[in-house]
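protein_12.cif (mmCIF, C-alpha atoms and all ligand atoms)
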data_my_file
#
loop_
_atom_site.group_PDB
_atom_site.id
_atom_site.type_symbol
_atom_site.label_atom_id
_atom_site.label_comp_id
_atom_site.auth_asym_id
_atom_site.auth_seq_id
_atom_site.Cartn_x
_atom_site.Cartn_y
_atom_site.Cartn_z
ATOM 1 C CA MET R 903 0.000 0.000 0.000
ATOM 2 C CA ALA R 904 1.368 3.446 -0.904
ATOM 3 C CA ALA R 905 2.381 5.573 2.071
ATOM 4 C CA THR R 906 0.457 8.829 2.533
ATOM 5 C CA ASP R 907 2.517 11.847 1.519
ATOM 6 C CA PRO R 908 2.578 14.112 4.577
ATOM 7 C CA ALA R 909 3.241 17.087 2.285
ATOM 8 C CA ALA R 910 0.129 16.369 0.185
ATOM 9 C CA PRO R 911 -2.664 18.926 0.681
ATOM 10 C CA ALA R 912 -5.617 17.666 2.716
ATOM 11 C CA ALA R 913 -8.571 16.690 0.517
ATOM 12 C CA SER R 914 -11.157 19.441 0.145
ATOM 13 C CA PRO R 915 -14.273 19.039 2.251
ATOM 14 C CA VAL R 916 -17.298 17.779 0.348
ATOM 15 C CA LEU R 917 -19.539 19.890 2.603
ATOM 16 C CA SER R 918 -18.282 23.184 3.931
ATOM 17 C CA ALA R 919 -20.067 25.888 5.929
ATOM 18 C CA ARG R 920 -18.286 29.185 6.567
ATOM 19 C CA ASP R 921 -19.363 31.815 9.086
ATOM 20 C CA VAL R 922 -23.047 30.954 8.720
ATOM 21 C CA ARG R 923 -25.411 33.390 10.397
ATOM 22 C CA VAL R 924 -29.151 32.847 10.534
ATOM 23 C CA SER R 925 -31.985 34.950 11.946
ATOM 24 C CA LEU R 926 -35.468 33.566 12.510
ATOM 25 C CA GLY R 927 -38.432 35.879 13.006
ATOM 26 C CA GLY R 928 -35.980 38.784 13.269
ATOM 27 C CA THR R 929 -33.985 37.104 16.059
ATOM 28 C CA PRO R 930 -30.337 36.187 15.402
ATOM 29 C CA ILE R 931 -30.004 32.448 16.094
ATOM 30 C CA LEU R 932 -26.630 31.477 14.565
ATOM 31 C CA HIS R 933 -23.697 33.856 14.962
ATOM 32 C CA GLY R 934 -21.094 32.588 12.498
ATOM 33 C CA VAL R 935 -21.006 28.782 12.478
ATOM 34 C CA SER R 936 -18.402 26.914 10.407
ATOM 35 C CA LEU R 937 -18.038 23.198 9.759
ATOM 36 C CA ASP R 938 -16.196 20.961 7.275
ATOM 37 C CA ALA R 939 -17.095 17.363 6.428
ATOM 38 C CA HIS R 940 -14.847 15.273 4.188
ATOM 39 C CA ARG R 941 -15.587 12.087 2.270
ATOM 40 C CA GLY R 942 -15.762 9.122 4.623
ATOM 41 C CA GLU R 943 -16.027 11.387 7.674
ATOM 42 C CA VAL R 944 -18.747 11.501 10.327
ATOM 43 C CA VAL R 945 -19.163 14.838 12.116
ATOM 44 C CA ALA R 946 -21.269 14.932 15.293
ATOM 45 C CA LEU R 947 -23.037 18.244 15.867
ATOM 46 C CA MET R 948 -23.692 18.545 19.582
ATOM 47 C CA GLY R 949 -24.894 21.089 22.134
ATOM 48 C CA GLY R 950 -27.702 21.735 24.577
ATOM 49 C CA ASN R 951 -31.370 22.309 23.782
ATOM 50 C CA GLY R 952 -31.894 25.494 21.816
ATOM 51 C CA SER R 953 -28.195 25.909 20.975
ATOM 52 C CA GLY R 954 -29.029 26.075 17.234
ATOM 53 C CA LYS R 955 -28.260 22.559 15.956
ATOM 54 C CA SER R 956 -31.491 22.074 13.976
ATOM 55 C CA THR R 957 -31.345 25.611 12.621
ATOM 56 C CA PHE R 958 -27.802 24.987 11.415
ATOM 57 C CA VAL R 959 -28.602 21.672 9.707
ATOM 58 C CA ARG R 960 -31.621 23.268 8.035
ATOM 59 C CA ALA R 961 -29.277 25.930 6.662
ATOM 60 C CA LEU R 962 -26.793 23.216 5.632
ATOM 61 C CA VAL R 963 -29.400 21.485 3.468
ATOM 62 C CA GLY R 964 -30.757 24.726 2.018
ATOM 63 C CA ALA R 965 -34.088 24.667 3.887
ATOM 64 C CA ILE R 966 -33.418 28.144 5.306
ATOM 65 C CA ALA R 967 -31.244 30.897 3.876
ATOM 66 C CA PRO R 968 -28.357 32.300 5.920
ATOM 67 C CA THR R 969 -28.188 36.061 6.311
ATOM 68 C CA HIS R 970 -24.398 35.812 6.032
ATOM 69 C CA GLY R 971 -21.742 33.236 5.150
ATOM 70 C CA GLU R 972 -21.760 30.435 2.624
ATOM 71 C CA ILE R 973 -22.382 26.722 2.254
ATOM 72 C CA ARG R 974 -20.512 24.757 -0.397
ATOM 73 C CA LEU R 975 -21.095 21.253 -1.715
ATOM 74 C CA ALA R 976 -18.052 19.778 -3.452
ATOM 75 C CA GLY R 977 -16.580 23.281 -3.631
ATOM 76 C CA ARG R 978 -19.634 24.914 -5.238
ATOM 77 C CA LEU R 979 -22.202 27.110 -3.598
ATOM 78 C CA LEU R 980 -25.316 25.159 -2.633
ATOM 79 C CA THR R 981 -28.074 25.476 -5.244
ATOM 80 C CA PRO R 982 -31.512 23.853 -5.582
ATOM 81 C CA SER R 983 -30.104 21.394 -8.162
ATOM 82 C CA SER R 984 -26.974 20.489 -6.155
ATOM 83 C CA ARG R 985 -29.244 19.644 -3.221
ATOM 84 C CA ALA R 986 -30.085 16.419 -5.092
ATOM 85 C CA SER R 987 -26.786 14.964 -3.860
ATOM 86 C CA LEU R 988 -27.770 15.640 -0.244
ATOM 87 C CA GLY R 989 -29.740 13.248 1.917
ATOM 88 C CA TYR R 990 -31.584 14.809 4.854
ATOM 89 C CA VAL R 991 -33.488 13.204 7.701
ATOM 90 C CA PRO R 992 -35.197 15.949 9.730
ATOM 91 C CA GLN R 993 -36.009 15.751 13.411
ATOM 92 C CA ARG R 994 -39.313 14.270 14.579
ATOM 93 C CA LEU R 995 -40.798 13.472 11.211
ATOM 94 C CA THR R 996 -43.512 10.849 11.019
ATOM 95 C CA ALA R 997 -42.934 8.366 8.208
ATOM 96 C CA ALA R 998 -45.620 8.836 5.514
ATOM 97 C CA GLY R 999 -47.009 11.820 7.495
ATOM 98 C CA GLY R 1000 -49.714 9.597 9.003
ATOM 99 C CA VAL R 1001 -50.885 8.466 5.546
ATOM 100 C CA SER R 1002 -51.044 4.706 5.059
ATOM 101 C CA ALA R 1003 -48.164 3.485 2.860
ATOM 102 C CA THR R 1004 -45.835 0.507 2.850
ATOM 103 C CA VAL R 1005 -42.246 0.858 4.018
ATOM 104 C CA ALA R 1006 -41.058 0.154 0.454
ATOM 105 C CA GLU R 1007 -43.299 2.967 -0.883
ATOM 106 C CA VAL R 1008 -41.945 5.441 1.657
ATOM 107 C CA VAL R 1009 -38.365 4.511 0.760
ATOM 108 C CA ALA R 1010 -39.131 4.643 -2.993
ATOM 109 C CA SER R 1011 -40.482 8.191 -2.541
ATOM 110 C CA GLY R 1012 -36.844 9.179 -1.937
ATOM 111 C CA LEU R 1013 -36.200 8.453 -5.619
ATOM 112 C CA LEU R 1014 -38.842 10.849 -6.945
ATOM 113 C CA GLY R 1015 -37.318 13.184 -9.517
ATOM 114 C CA ASN R 1016 -34.190 11.029 -9.906
ATOM 115 C CA ARG R 1017 -33.734 10.805 -13.664
ATOM 116 C CA ARG R 1018 -30.668 8.567 -13.518
ATOM 117 C CA LEU R 1019 -32.645 5.417 -12.674
ATOM 118 C CA ARG R 1020 -34.157 4.441 -15.976
ATOM 119 C CA THR R 1021 -36.207 1.359 -15.185
ATOM 120 C CA PRO R 1022 -38.521 0.297 -12.378
ATOM 121 C CA ARG R 1023 -36.197 -2.693 -11.874
ATOM 122 C CA HIS R 1024 -33.286 -0.342 -11.048
ATOM 123 C CA SER R 1025 -35.506 1.571 -8.642
ATOM 124 C CA ARG R 1026 -36.674 -1.627 -6.919
ATOM 125 C CA ALA R 1027 -33.070 -2.776 -6.543
ATOM 126 C CA ARG R 1028 -32.132 0.558 -4.950
ATOM 127 C CA VAL R 1029 -35.066 0.343 -2.531
ATOM 128 C CA ALA R 1030 -34.157 -3.238 -1.574
ATOM 129 C CA GLU R 1031 -30.542 -2.195 -0.995
ATOM 130 C CA ALA R 1032 -31.518 0.754 1.257
ATOM 131 C CA LEU R 1033 -33.918 -1.448 3.252
ATOM 132 C CA SER R 1034 -31.217 -4.052 3.699
ATOM 133 C CA THR R 1035 -28.636 -1.439 4.796
ATOM 134 C CA MET R 1036 -31.025 -0.342 7.536
ATOM 135 C CA GLY R 1037 -31.877 -3.941 8.466
ATOM 136 C CA ILE R 1038 -35.597 -3.604 7.638
ATOM 137 C CA GLY R 1039 -35.858 -5.727 4.479
ATOM 138 C CA ASP R 1040 -38.414 -7.917 6.259
ATOM 139 C CA LEU R 1041 -40.672 -4.885 6.858
ATOM 140 C CA ALA R 1042 -40.863 -3.823 3.174
ATOM 141 C CA HIS R 1043 -44.561 -4.598 2.761
ATOM 142 C CA ARG R 1044 -45.716 -3.497 6.195
ATOM 143 C CA ASP R 1045 -47.853 -0.388 6.722
ATOM 144 C CA VAL R 1046 -45.342 2.185 7.944
ATOM 145 C CA THR R 1047 -47.869 3.868 10.254
ATOM 146 C CA ARG R 1048 -48.120 0.627 12.233
ATOM 147 C CA LEU R 1049 -44.401 0.335 12.957
ATOM 148 C CA SER R 1050 -42.580 1.365 16.119
ATOM 149 C CA GLY R 1051 -40.924 4.791 16.296
ATOM 150 C CA GLY R 1052 -37.469 3.235 15.829
ATOM 151 C CA GLN R 1053 -38.599 1.196 12.820
ATOM 152 C CA GLN R 1054 -40.201 4.302 11.254
ATOM 153 C CA GLN R 1055 -37.001 6.230 11.836
ATOM 154 C CA ARG R 1056 -35.029 3.480 10.078
ATOM 155 C CA ALA R 1057 -37.464 3.689 7.126
ATOM 156 C CA LEU R 1058 -36.862 7.464 6.936
ATOM 157 C CA ILE R 1059 -33.102 6.979 6.954
ATOM 158 C CA ALA R 1060 -33.480 4.342 4.198
ATOM 159 C CA ARG R 1061 -35.492 6.916 2.208
ATOM 160 C CA ALA R 1062 -32.526 9.324 2.456
ATOM 161 C CA LEU R 1063 -30.020 6.576 1.565
ATOM 162 C CA VAL R 1064 -31.867 5.359 -1.520
ATOM 163 C CA ARG R 1065 -30.499 8.253 -3.603
ATOM 164 C CA HIS R 1066 -26.889 7.295 -2.753
ATOM 165 C CA PRO R 1067 -26.201 10.790 -1.399
ATOM 166 C CA ASP R 1068 -22.637 12.149 -1.254
ATOM 167 C CA VAL R 1069 -23.624 13.972 1.912
ATOM 168 C CA LEU R 1070 -26.066 12.792 4.540
ATOM 169 C CA VAL R 1071 -27.435 15.116 7.224
ATOM 170 C CA LEU R 1072 -29.366 13.560 10.093
ATOM 171 C CA ASP R 1073 -31.053 15.533 12.850
ATOM 172 C CA GLU R 1074 -31.176 13.431 16.026
ATOM 173 C CA PRO R 1075 -31.786 10.084 14.321
ATOM 174 C CA MET R 1076 -31.383 8.267 17.645
ATOM 175 C CA ALA R 1077 -34.020 10.230 19.565
ATOM 176 C CA GLY R 1078 -36.555 7.851 21.081
ATOM 177 C CA VAL R 1079 -35.109 4.886 19.201
ATOM 178 C CA ASP R 1080 -34.676 1.448 20.812
ATOM 179 C CA LEU R 1081 -31.323 -0.274 21.213
ATOM 180 C CA GLU R 1082 -31.892 -2.655 18.286
ATOM 181 C CA SER R 1083 -32.524 0.287 15.940
ATOM 182 C CA GLN R 1084 -29.524 2.164 17.369
ATOM 183 C CA VAL R 1085 -27.266 -0.809 16.651
ATOM 184 C CA ALA R 1086 -28.701 -1.168 13.107
ATOM 185 C CA PHE R 1087 -28.166 2.535 12.573
ATOM 186 C CA ALA R 1088 -24.554 2.361 13.825
ATOM 187 C CA HIS R 1089 -23.933 -0.519 11.404
ATOM 188 C CA ALA R 1090 -25.417 1.477 8.496
ATOM 189 C CA LEU R 1091 -23.346 4.509 9.446
ATOM 190 C CA GLY R 1092 -20.117 2.457 9.261
ATOM 191 C CA HIS R 1093 -21.201 1.101 5.870
ATOM 192 C CA LEU R 1094 -21.921 4.596 4.485
ATOM 193 C CA LYS R 1095 -18.692 5.962 5.838
ATOM 194 C CA ASP R 1096 -16.729 3.144 4.190
ATOM 195 C CA GLY R 1097 -18.568 3.986 0.961
ATOM 196 C CA GLY R 1098 -17.158 7.541 1.106
ATOM 197 C CA ALA R 1099 -20.214 9.540 2.197
ATOM 198 C CA ALA R 1100 -19.728 12.647 4.350
ATOM 199 C CA ILE R 1101 -22.141 12.547 7.273
ATOM 200 C CA VAL R 1102 -23.275 15.260 9.682
ATOM 201 C CA ILE R 1103 -25.332 13.952 12.553
ATOM 202 C CA VAL R 1104 -26.997 15.870 15.365
ATOM 203 C CA LEU R 1105 -26.599 13.950 18.609
ATOM 204 C CA HIS R 1106 -27.108 14.535 22.306
ATOM 205 C CA GLU R 1107 -25.110 11.442 23.268
ATOM 206 C CA LEU R 1108 -22.545 9.670 21.103
ATOM 207 C CA GLY R 1109 -23.970 6.340 22.317
ATOM 208 C CA ALA R 1110 -23.991 3.405 19.924
ATOM 209 C CA VAL R 1111 -22.364 5.389 17.080
ATOM 210 C CA ALA R 1112 -19.405 6.668 19.150
ATOM 211 C CA ARG R 1113 -16.817 4.581 17.327
ATOM 212 C CA HIS R 1114 -17.764 6.058 13.944
ATOM 213 C CA ILE R 1115 -17.492 9.728 14.953
ATOM 214 C CA ASP R 1116 -14.389 11.461 13.566
ATOM 215 C CA GLN R 1117 -15.060 15.019 14.651
ATOM 216 C CA ALA R 1118 -17.342 16.799 17.099
ATOM 217 C CA VAL R 1119 -18.618 20.353 16.658
ATOM 218 C CA VAL R 1120 -20.305 21.809 19.729
ATOM 219 C CA LEU R 1121 -22.723 24.738 19.624
ATOM 220 C CA GLU R 1122 -23.710 26.998 22.504
ATOM 221 C CA HIS R 1123 -26.147 29.887 21.979
ATOM 222 C CA GLY R 1124 -25.575 29.775 18.213
ATOM 223 C CA CYS R 1125 -21.758 29.840 18.421
ATOM 224 C CA VAL R 1126 -19.210 27.050 17.973
ATOM 225 C CA THR R 1127 -17.454 26.433 21.298
ATOM 226 C CA TYR R 1128 -15.510 23.317 20.295
ATOM 227 C CA THR R 1129 -14.344 21.660 17.087
ATOM 228 C CA GLY R 1130 -12.104 18.625 17.289
ATOM 229 C CA ALA R 1131 -11.785 14.999 18.198
ATOM 230 C CA PRO R 1132 -14.855 13.547 19.885
ATOM 231 C CA PRO R 1133 -14.473 13.273 23.639
ATOM 232 C CA ALA R 1134 -13.040 9.935 24.825
ATOM 233 C CA ASP R 1135 -15.843 9.694 27.343
ATOM 234 C CA MET R 1136 -19.296 9.347 25.793
ATOM 235 C CA GLY R 1137 -21.973 11.989 25.821
ATOM 236 C CA VAL R 1138 -22.515 15.681 26.460
ATOM 237 C CA HIS R 1139 -21.286 15.400 30.043
ATOM 238 C CA ALA R 1140 -17.735 15.020 28.754
ATOM 239 C CA LEU R 1141 -17.847 17.954 26.366
ATOM 240 C CA PRO R 1142 -15.851 21.123 26.983
ATOM 241 C CA GLY R 1143 -18.045 23.837 28.444
ATOM 242 C CA HIS R 1144 -20.624 21.430 29.865
ATOM 243 C CA ASP R 1145 -22.079 22.817 33.073
ATOM 244 C CA HIS R 1146 -21.268 20.303 35.806
ATOM 245 C CA GLU R 1147 -22.361 22.662 38.567
ATOM 246 C CA HIS R 1148 -26.051 22.170 37.938
ATOM 247 C CA PRO R 1149 -27.267 18.581 38.034
ATOM 248 C CA HIS R 1150 -29.901 17.835 35.419
ATOM 249 C CA ALA R 1151 -32.149 14.949 34.541
ATOM 250 C CA ASP R 1152 -30.787 12.464 32.035
ATOM 251 C CA PRO R 1153 -33.829 11.367 30.003
ATOM 252 C CA GLN R 1154 -32.014 8.314 28.672
ATOM 253 C CA ALA R 1155 -30.901 6.993 32.058
ATOM 254 C CA ALA R 1156 -34.077 4.986 32.601
ATOM 255 C CA ASP R 1157 -33.788 3.391 29.157
ATOM 256 C CA ARG R 1158 -30.161 2.494 29.717
ATOM 257 C CA SER R 1159 -30.713 0.918 33.095
ATOM 258 C CA SER R 1160 -33.573 -1.158 31.683
ATOM 259 C CA LEU R 1161 -31.128 -2.398 29.038
ATOM 260 C CA GLY R 1162 -28.557 -3.321 31.645
ATOM 261 C CA TRP R 1163 -26.083 -0.613 30.645
ATOM 262 C CA ASP R 1164 -23.855 0.771 33.331
ATOM 263 C CA GLY R 1165 -22.032 3.301 31.150
ATOM 264 C CA PRO R 1166 -22.231 7.101 31.472
HETATM 265 N N1 LIG D 1 -39.096 29.997 13.713
HETATM 266 C C1 LIG D 1 -38.406 30.474 14.745
HETATM 267 N N2 LIG D 1 -38.496 31.766 15.112
HETATM 268 C C2 LIG D 1 -37.794 32.258 16.150
HETATM 269 N N3 LIG D 1 -36.937 31.507 16.907
HETATM 270 C C3 LIG D 1 -36.814 30.214 16.571
HETATM 271 C C4 LIG D 1 -37.531 29.621 15.489
HETATM 272 N N4 LIG D 1 -37.183 28.321 15.406
HETATM 273 C C5 LIG D 1 -36.282 28.103 16.406
HETATM 274 N N5 LIG D 1 -36.082 29.241 17.104
HETATM 275 C C6 LIG D 1 -35.147 29.407 18.247
HETATM 276 O O1 LIG D 1 -33.847 29.158 17.785
HETATM 277 C C7 LIG D 1 -33.070 28.605 18.841
HETATM 278 C C8 LIG D 1 -32.350 27.378 18.304
HETATM 279 O O2 LIG D 1 -33.326 26.373 18.018
HETATM 280 P P1 LIG D 1 -32.903 24.978 17.409
HETATM 281 O O3 LIG D 1 -34.140 24.182 17.199
HETATM 282 O O4 LIG D 1 -32.021 25.215 16.257
HETATM 283 O O5 LIG D 1 -32.027 24.376 18.615
HETATM 284 P P2 LIG D 1 -31.504 22.872 18.848
HETATM 285 O O6 LIG D 1 -30.100 23.007 19.292
HETATM 286 O O7 LIG D 1 -31.760 22.041 17.641
HETATM 287 O O8 LIG D 1 -32.399 22.411 20.060
HETATM 288 P P3 LIG D 1 -32.932 20.945 20.494
HETATM 289 O O9 LIG D 1 -31.743 20.197 21.040
HETATM 290 O O10 LIG D 1 -33.925 21.255 21.555
HETATM 291 O O11 LIG D 1 -33.545 20.286 19.279
HETATM 292 C C9 LIG D 1 -34.023 28.312 19.984
HETATM 293 O O12 LIG D 1 -33.878 29.328 20.942
HETATM 294 C C10 LIG D 1 -35.389 28.393 19.333
HETATM 295 O O13 LIG D 1 -36.345 28.838 20.243
#
Could you render the structure as structure tokens?
Amino acid sequence: MAATDPAAPAASPVLSARDVRVSLGGTPILHGVSLDAHRGEVVALMGGNGSGKSTFVRALVGAIAPTHGEIRLAGRLLTPSSRASLGYVPQRLTAAGGVSATVAEVVASGLLGNRRLRTPRHSRARVAEALSTMGIGDLAHRDVTRLSGGQQQRALIARALVRHPDVLVLDEPMAGVDLESQVAFAHALGHLKDGGAAIVIVLHELGAVARHIDQAVVLEHGCVTYTGAPPADMGVHALPGHDHEHPHADPQAADRSSLGWDGP
């Protein structure tokens, strides 16, 4: 295997945000947030409630326009057409929006407008592949509205994966998801990373995906307070700037103890 040339320039980030500022309803929410994600890299976006994580990922995928700064995909400014190479799984979305549809139909909806897949056979193969990556191939013909929250979340991630995105942005994909779905998701994340995707994932705890995280970016009040290696210890409690003076409830503690975990 060829040795890496230490003098070689670092590869350009596939997704790059520079000094992004966003105001909502006239209120400044983000005050100059920057982030780089390279091919095969997973970046965890962390921070307390209301710190601006969802606002930032919505700006990253072009759902809201920054008042300042720029977002580039593969070196080019984000445009409506370049957004086709982005996969996005928003926070707290109900699969199929409460409308009855099979899991396969929900996943296939991720291919709408994709002109590269010429035959229904190609589309079906893509859907089957995305279902298998998320470990829900056996649920393909089930009504998505009758699945558990974790299974629905996996279907939504499969819908984002079906386009083979270069960049995948996930807003709290582990929220309210059972351990089996977390493990399936961690497996899929490793697979995508090996395939060269750049992934930005909003997390409160590194949890089951900890080993795949290459970089953590921490927001506080709309500003980046830390960018660097993920903390060795898991979770927000280990992050720089975390307030240890004021004990707070850990909503996941009950779940973890019921699973027999004794970690942080
Ligand atoms: N439409 C809006 N108009 C005005 N303020 C908003 C709007 N949407 C969000 N905000 C505010 O922006 C701030 C950041 O919200 P955001 O949802 O980005 O935080 P977050 O870090 O994702 O929080 P959480 O961890 O709770 O999901 C919050 O103070 C929120 O109240």
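Remark: for Arg923 in chain R, the closest of the candidate residues R:Val1104, R:Met948, R:Cys1125, R:Val1029 is R:Cys1125 (distances computed over only C-alpha atoms).
Using all atoms listed in the file, the nearest neighbour of Glu972 in chain R within the list R:Leu947, R:Val935, R:Leu1049, R:Leu1041 is R:Val935.
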If the limit is 9 Å from any atom of ligand LIG 1 (chain D), counting all atoms listed in the file, which residues qualify? Return them as a PDB file with C-alpha atoms, in the frame of the given file.
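Below is the file pocket-v3.pdb, written as the result:
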ATOM      1  CA  SER R 925     -31.985  34.950  11.946  1.00  0.00           C
ATOM      2  CA  LEU R 926     -35.468  33.566  12.510  1.00  0.00           C
ATOM      3  CA  GLY R 927     -38.432  35.879  13.006  1.00  0.00           C
ATOM      4  CA  GLY R 928     -35.980  38.784  13.269  1.00  0.00           C
ATOM      5  CA  THR R 929     -33.985  37.104  16.059  1.00  0.00           C
ATOM      6  CA  PRO R 930     -30.337  36.187  15.402  1.00  0.00           C
ATOM      7  CA  ILE R 931     -30.004  32.448  16.094  1.00  0.00           C
ATOM      8  CA  LEU R 932     -26.630  31.477  14.565  1.00  0.00           C
ATOM      9  CA  MET R 948     -23.692  18.545  19.582  1.00  0.00           C
ATOM     10  CA  GLY R 949     -24.894  21.089  22.134  1.00  0.00           C
ATOM     11  CA  GLY R 950     -27.702  21.735  24.577  1.00  0.00           C
ATOM     12  CA  ASN R 951     -31.370  22.309  23.782  1.00  0.00           C
ATOM     13  CA  GLY R 952     -31.894  25.494  21.816  1.00  0.00           C
ATOM     14  CA  SER R 953     -28.195  25.909  20.975  1.00  0.00           C
ATOM     15  CA  GLY R 954     -29.029  26.075  17.234  1.00  0.00           C
ATOM     16  CA  LYS R 955     -28.260  22.559  15.956  1.00  0.00           C
ATOM     17  CA  SER R 956     -31.491  22.074  13.976  1.00  0.00           C
ATOM     18  CA  THR R 957     -31.345  25.611  12.621  1.00  0.00           C
ATOM     19  CA  PHE R 958     -27.802  24.987  11.415  1.00  0.00           C
ATOM     20  CA  VAL R 959     -28.602  21.672   9.707  1.00  0.00           C
ATOM     21  CA  ARG R 960     -31.621  23.268   8.035  1.00  0.00           C
ATOM     22  CA  GLN R 993     -36.009  15.751  13.411  1.00  0.00           C
ATOM     23  CA  ASP R1073     -31.053  15.533  12.850  1.00  0.00           C
ATOM     24  CA  GLU R1074     -31.176  13.431  16.026  1.00  0.00           C
ATOM     25  CA  VAL R1104     -26.997  15.870  15.365  1.00  0.00           C
ATOM     26  CA  LEU R1105     -26.599  13.950  18.609  1.00  0.00           C
ATOM     27  CA  HIS R1106     -27.108  14.535  22.306  1.00  0.00           C
ATOM     28  CA  LEU R1121     -22.723  24.738  19.624  1.00  0.00           C
ATOM     29  CA  GLU R1122     -23.710  26.998  22.504  1.00  0.00           C
ATOM     30  CA  HIS R1123     -26.147  29.887  21.979  1.00  0.00           C
ATOM     31  CA  GLY R1124     -25.575  29.775  18.213  1.00  0.00           C
TER      32      GLY R1124
END
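Counting only C-alpha atoms, the residue from R:Val1069, R:Ala1110, R:Ala961, R:Ala1118 that sits nearest to Arg941 in chain R is R:Val1069.
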For the file shown, what are the residues hit by the PyMOL selection byres (((chain R and resi 1111) around 9) and not hetatm), laid out as a PyMOL selection string? chain R and resi 1084-1085+1087-1089+1091-1092+1108-1110+1112-1115
Find the residues near Asp938 in chain R: any atom within 8 Å, counting all atoms listed in the file, skip ones fewer than 3 places away on the same chain, and give them as a PDB file with C-alpha atoms, in the coordinates of the input.
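around.pdb written:
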ATOM      1  CA  PRO R 915     -14.273  19.039   2.251  1.00  0.00           C
ATOM      2  CA  VAL R 916     -17.298  17.779   0.348  1.00  0.00           C
ATOM      3  CA  LEU R 917     -19.539  19.890   2.603  1.00  0.00           C
ATOM      4  CA  SER R 918     -18.282  23.184   3.931  1.00  0.00           C
ATOM      5  CA  ALA R 919     -20.067  25.888   5.929  1.00  0.00           C
TER       6      ALA R 919
END
Written as JSON, numbers by chain, what is the full residue list that the PyMOL selection byres (((chain R and resi 1044) around 10) and not hetatm) yields on the file shown? {"R": [1002, 1003, 1004, 1005, 1006, 1007, 1040, 1041, 1042, 1043, 1045, 1046, 1047, 1048, 1049]}
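Here CA of Ala939 in chain R and CA of Arg974 in chain R stand 10.6 Å from one another.
Distance annotation: of R:His1066, R:Gly964, R:Leu937, R:Arg1061, the residue with the minimal separation from Thr981 in chain R is R:Gly964; atom set is only C-alpha atoms.
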Just so the selection is clear, what residues does the PyMOL selection byres (((chain R and resi 982) around 10) and not hetatm) cover here, as an MDAnalysis selection string? chainID R and resid 963:965 980:981 983:986
Asp1068 in chain R environment, 7 Å, all atoms listed in the file, sequence neighbours closer than 3 positions dropped, as an mmCIF file with C-alpha atoms, in the coordinates of the input:
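So around-v9.cif came out as:
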data_model
loop_
_atom_site.group_PDB
_atom_site.id
_atom_site.type_symbol
_atom_site.label_atom_id
_atom_site.label_comp_id
_atom_site.auth_asym_id
_atom_site.auth_seq_id
_atom_site.Cartn_x
_atom_site.Cartn_y
_atom_site.Cartn_z
ATOM 1 C CA SER R 987 -26.786 14.964 -3.860
ATOM 2 C CA LEU R 988 -27.770 15.640 -0.244
ATOM 3 C CA ALA R 1099 -20.214 9.540 2.197
ATOM 4 C CA ALA R 1100 -19.728 12.647 4.350
#
May I have the protein, DNA and RNA residues with an atom at most 9 Å from (-35.5, 5.8, 1.5), counting only C-alpha atoms in the file's coordinates, returned as a ChimeraX atom specification? /R:1005-1013,1028-1029,1032-1033,1056-1065
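Checking R:Gln1117, R:Val1126, R:Leu1072, R:Glu1082 one by one against Val991 in chain R, counting only C-alpha atoms, you find the shortest gap at R:Leu1072.
Of the listed residues (R:Ala913, R:Val1079, R:Val1102, R:Gly1039), R:Gly1039 comes nearest to Ala1027 in chain R; the distances count only C-alpha atoms.
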Mind listing whatever residues come within 6 Å of the point (-17.3, 29.3, 10.3)? Use only C-alpha atoms, file coordinates, and give them as a ChimeraX atom specification. /R:920-921,934-936
